[in-house]
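Asker: Encoded as structure tokens, here's the structure I'll be asking about.
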2 protein chains.
Amino acid sequence: MKKKHKVTILPFDTIIEVQPRTNLLDAINAANLPLTAVCGGEGTCGECVVQITSGRYHSKPSAALSDEIVSEGYALACQTFVEDDLTVVLPRFEELSIRSVVDHEFFDERRDLISGIYEVDPPVQKIDLQVEAPSLEDNYSDLKRIERALGKSWPSGNISCEYSVLKKMAYAVRKDHGKISIVLARLGGSRFIIDIFPQSEKKSVCGLACDIGTSTVALHLVDLSTGKFLGTASSYNQQMKCGEDIISRINYSQKPGRLEELHDLIIGTINLLIKKASESAGVPPADIYYAAISGNTTMIHLFLNLNPNYIREEPYVPTINQPPVVRSQDLGLDLNPEARVSCTPAVGSYVGGDITSGLLCTPILLDTEKVFLFLDAGTNGELVVGNKEWLMTCACSAGPAFEGSGIKCGMPASEGAIETIKIDDKGRFGYEVINNAKPKGLCGSGLVDLLAELFVHGFVDRNGKFIERTARNKIVQTENGEGLLIVEGPKSFWGNDIVITEKDIANLIRTKGAIYSACSMLLKSAGLKFHEIDSVYIAGGFGQHLDIENSVRIGLLPDIERAKFSYLGNSSLLGAYLMLLTDKNHSIVNKIADQTTYIELNTEPRYMNEFTGALFLPHTEMDLFPSVKKVFDRIR
Amino acid sequence: MKKKHKVTILPFDTIIEVQPRTNLLDAINAANLPLTAVCGGEGTCGECVVQITSGRYHSKPSAALSDEIVSEGYALACQTFVEDDLTVVLPRFEELSIRSVVDHEFFDERRDLISGIYEVDPPVQKIDLQVEAPSLEDNYSDLKRIERALGKSWPSGNISCEYSVLKKMAYAVRKDHGKISIVLARLGGSRFIIDIFPQSEKKSVCGLACDIGTSTVALHLVDLSTGKFLGTASSYNQQMKCGEDIISRINYSQKPGRLEELHDLIIGTINLLIKKASESAGVPPADIYYAAISGNTTMIHLFLNLNPNYIREEPYVPTINQPPVVRSQDLGLDLNPEARVSCTPAVGSYVGGDITSGLLCTPILLDTEKVFLFLDAGTNGELVVGNKEWLMTCACSAGPAFEGSGIKCGMPASEGAIETIKIDDKGRFGYEVINNAKPKGLCGSGLVDLLAELFVHGFVDRNGKFIERTARNKIVQTENGEGLLIVEGPKSFWGNDIVITEKDIANLIRTKGAIYSACSMLLKSAGLKFHEIDSVYIAGGFGQHLDIENSVRIGLLPDIERAKFSYLGNSSLLGAYLMLLTDKNHSIVNKIADQTTYIELNTEPRYMNEFTGALFLPHTEMDLFPSVKKVFDRIR
């Protein structure tokens with residue numbers, strides 16, 4: 001028998017052993033990892049591209065890859081055969097591992113905005129105590145003497161002690177002659193001692209803020225004594241291989257054993273990120289005592305191993321909206337076994353904890369009665385309108401177009417993504433690429449720019465169709481039909497043309513139309529007009545470089561004063577971080593969830609009319625977009 | 001290789017496989033079970049007697065066993081060889097499995113006494129709810145709708161839901177169209193939903209009251225909806241093989257892995273009893289949702305897997321006196337995994353939860369200011385004096401003599417034990433045997449009777465020595481020297497003489513002296529005299545047939561009005577049972593533990609004087625026992 005080869009697959013850190021000369025795509029699929037080739041392994045579509053960073057392999061040449069990138073170790077998995085131990089990177093997954101977290105500078109800007117609720121008094125923290133030595137006259141039990149020492153600095157009351165802590169107590173109070181540290185969790189009115197150790201074991205007490213997105217998972221490791229970031233990590237949600245959207249995950253979960261599988265995949269994803277973040281910060285996972293988790297209702301159900309089935313069935317009732325605090329050991333998270341895990345509360349099945357968490361990042365709770373609109377446009381668009389007195393919300397199925405999915409050259413906002421684009425008077429495209437790399441494709445903000453520029457410069461009409469007269473010179477043939485050329489093959493990373501097709505544009509228009517019409521319906525329900533809105537907060541998938549002007553031009557955002565718009569970035573993660581800082585924020589977010597009224601668009605007949613009207617650039621009723629009308633009239 | 005034989009050893013249900021012709025004592029010891037032969041396996045001492053109830057064996061004849069009992073399958077293990085699959089009963093252990101529980105009739109008598117705190121409102125109970133069906137207009141989460149239904153009958157407030165319950169919730173609320181049962185635990189101020197099921201699963205909700213004694217373990221299975229007994233079981237504490245008393249168990253626990261071993265043995269003992277009780281009652285262990293555990297401080301530490309080492313080291317500080325509520329799954333108990341386990345609180349290292357639990361059975365909390373003395377005389381004697389305003393306690397090392405240990409023909413109060421004894425004018429012994437069986441030995445109450453009768457009838461002097469003149473005719477030779485014959489061999493179960501030696505009597509006098517002098521010291525500390533005591537409650541090892549008159553005659557109990565004495569039986573178990581009935585009783589017992597002042601006798605120089613004075617029959621100072629003096633003066 002020949003010696004087997006070990007194939008290490010990144011970013012999953014999955015290792016599989018295969019026979020020599022195994023096809024690499026087969027090997028990756030055997031490891032249960034989601035890499036596909038729409039061409040059926042013919043080597044033409046380029047979807048199964050991988051980068052091999054170590055080891056020998058044999059790869060058949062393919063037109064889908066330029067010589068340059070082949071020389072950098074890129075290859076089509078379907079055309080490659082294993083001849084050695086290999087390290088293989090799946091670039092599509094690695095892309096999703098970058099940039100989806102709040103960057104720290106951006107966060108510091110936001111801090112001013114939310115300073116009213118920015119306070120560091122973490123619900124889980126380390127407390128140093130000096131416990132008096134016992135004597136025959138003062139021979140209270142160890143626990144009693146600890147409670148007495150604790151009572152000096154903390155108002156007394158009902159403090160419980162975890163059973164696991166009792167086992168370490170006798171040793172801890174004697175080791176350093178009564179100098180101990182305890183970890184106290186004060187959550188939802190109850191107080192628990194969840195760890196104890198002698199002070200000479202200088203352990204830090206850390207927290208984890210985590211956003212579980214349907215596509216990506218991102219987390220921050222935080223020092224709970226200061227609120228400072230210690231590390232950060234993000235990746236693809238490993239559940240992606242079981243379906244790309246919420247409904248397909250719910251369907252997947254209904255067969256025996258599969259709910260457990262989805263649960264294990266998300267726990268596995270998070271554990272991998274914990275490992276990365278804690279290694280880079282030099283903090284052992286056992287020092288992490290608190291985790292605040294944010295995510296949509298389905299993600300939270302799968303995270304908690306709860307059947308999500310009734311979320312998709314009328315009347316759309318989840319098992320829980322406000323999950324109780326759970327111990328990490330009950331979930332299998334690689335934290336301290338006694339770590340407490342809090343999930344942000346949902347309003348309902350389709351407006352989840354990611355939204356309430358995002359609302360925590362707005363100045364909603366400062367003393368203001370101004371009305372704001374909050375907009376999180378991911379695969380599902382969620383909207384909230386209101387102020388500190390009232391809140392109304394709705395959800396719409398926007399589709400993943402602005403996340404780069406379903407768009408031929410779409411991609412997440414990571415290295416190589418065109419994030420801004422401009423067409424000059426001569427019809428030439430100018431663009432900026434993330435990290436100044438060779439362009440690989442377009443991310444959300446790039447797609448918004450592109451659509452606006454194509455529209456304003458007369459390359460597409462109000463229906464989103466190419467205008468023969470102007471676009472003719474830029475049209476190229478692709479496997480998916482005609483496409484408008486944006487970047488020529490030799491200038492692109494993959495060596496292939498970057499194009500946009502009419503199908504792509506139709507997808508983008510459907511998405512922006514769904515969001516705009518949902519905004520419109522929500523405001524009508526609240527008896528408001530767009531100009532009555534004082535602020536618009538944009539969260540989620542667009543990244544931080546969305547051009548407001550262009551968003552208005554395509555009819556994604558309403559045509560109101562531009563200064564009213566601001567970005568929140570990944571506010572789901574930022575809100576989870578705020579939950580780590582003080583338990584008051586948990587109470588606030590629970591109150592937000594309780595007080596928000598959900599408007600069901602699916603049962604609202606007017607919504608379809610609104611939607612149909614929005615399937616134009618910028619809208620059937622041009623009068624709704626006066627500033628766009630002005631530009632349009634001037635250009636045409 | 002020859003086929004091995006399977007030896008099943010009862011009451012442990014231990015099965016071991018041995019080679020044909022293995023010595024049975026070796027086999028039993030190889031199974032790690034505590035059976036010894038002080039004669040070193042010579043077949044003379046009779047200590048290793050077993051009863052073989054099935055299978056063929058070869059046994060050498062021995063003078064230690066009568067032909068009659070040999071014909072019933074009794075044999076000396078050291079003289080027996082395995083020739084078949086065998087079922088072997090160890091009678092000494094089975095004896096400890098009987099009679100140590102409160103019998104129900106006796107309990108009913110006590111009920112009147114304690115009726116002030118006898119109330120059935122169990123802290124863990126089943127609640128049937130009708131949860132409204134969700135609709136598009138009323139689409140609150142499952143948990144929210146359950147809380148709403150619960151709020152109708154139970155004052156709202158902070159009710160938490162166990163994570164394990166969430167997983168079953170979606171199914172349970174839909175199965176019977178909203179007709180569900182929940183199990184609600186209200187303990188120490190917090191309220192938890194610990195189980196949920198559709199009403200068509202007609203589960204009962206049961207509780208377990210358990211007394212962990214150093215020698216024996218006893219439990220009651222209780223229907224929590226009515227407070228009724230469903231079953232009961234008791235046995236030897238399997239930890240016995242690691243040492244017979246508390247100090248030897250603590251010593252044993254100090255080597256690596258042995259704390260865990262002792263913990264596993266007590267959990268194993270209790271699980272066996274749970275199995276027995278639940279099988280006989282036809283209740284699955286998963287229906288048991290609450291356990292109240294009573295025991296001394298060391299037993300509770302070992303039960304909770306906590307290092308008991310500091311209990312025996314000055315200043316005698318345990319890890320905990322008031323253990324927190326623990327989940328059964330954390331301990332490995334075979335109950336519902338979410339069952340709550342409460343332990344009765346200790347006053348300190350040497351006055352444990354068995355005593356506070358016992359105090360719960362006295363009328364201490366009724367509106368009375370009368371002063372009582374509570375006396376639990378097991379291997380360790382514990383005493384409490386006080387009333388509802390104040391309580392003082394002390395402990396003394398009494399020794400296990402009245403439990404039948406260290407006495408040649410001593411035995412626990414089970415079938416075959418002489419429990420009362422009388423000497424007539426002609427010096428003839430009359431006795432009563434438990435279950436009217438052939439006598440095997442004497443239990444505590446029999447030993448008290450015997451000592452009093454021997455003293456009053458002039459067979460022993462005030463030092464406990466045989467009086468040659470009267471005792472001469474009854475003296476027989478034994479391996480341990482001279483003994484006074486009580487039952488002749490042919491009339492006894494084992495076919496051997498039942499005797500008492502001077503060494504036995506010295507043991508009994510030490511024990512009664514330790515208890516009396518501790519009572520005396522405790523009263524002096526409280527500034528009281530014996531006649532100022534209004535009631536004396538006797539708990540624990542003596543069984544229910546202790547003769548008060550005889551107890552006073554030997555100087556075990558003070559010479560006060562006899563009507564002031566009453567028995568509580570196994571009040572540790574009874575108190576645990578009361579804890580099942582209402583959480584108020586837990587608060588009461590915590591208050592008792594908090595308010596009791598512990599008096600350390602070991603550091604009290606006067607205690608040794610008191611003790612020395614008590615090493616006579618009834619005491620050096622005969623004036624302390626006027627009624628005994630009168631009898632003594634009349635007889636001599």
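Residues in the structure tokens are named by chain (A, B, ... in the order shown) and by number from 1 within that chain; ligands are numbered from 1 in the order shown.
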With only C-alpha atoms considered, list every residue of chain A at most 7 Å from chain B, as a ChimeraX atom specification.
Answerer: /A:134-136,139-143,160-161,163,167,169-170,305-306,315-321,324,326
Asker: What parts of segment 224-370 of chain B does DSSP call strand (DSSP E)? I'd like the answer as a PyMOL selection string.
Answerer: chain B and resi 228-236+288-295+326-327+340-343
Asker: As an exercise, work out the distance from atom CA of Arg174 of chain B to atom CA of Ser200 of chain B in Å and give it to one decimal place.
Answerer: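 Spanning atom CA of Arg174 of chain B to atom CA of Ser200 of chain B is a straight-line distance of 11.7 Å.
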Asker: What is the atom CA of Pro11 of chain B-atom CA of Ser405 of chain B distance in Å, reported with one decimal?
Answerer: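 Those two atoms sit 19.9 Å apart.
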Asker: Looking at only C-alpha atoms, which of A:Glu502, A:Asp547, A:Glu403, A:Glu468 is the one that sits closest to Thr420 of chain A?
Answerer: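 The shortest atom-to-atom distance to Thr420 of chain A comes from A:Asp547.
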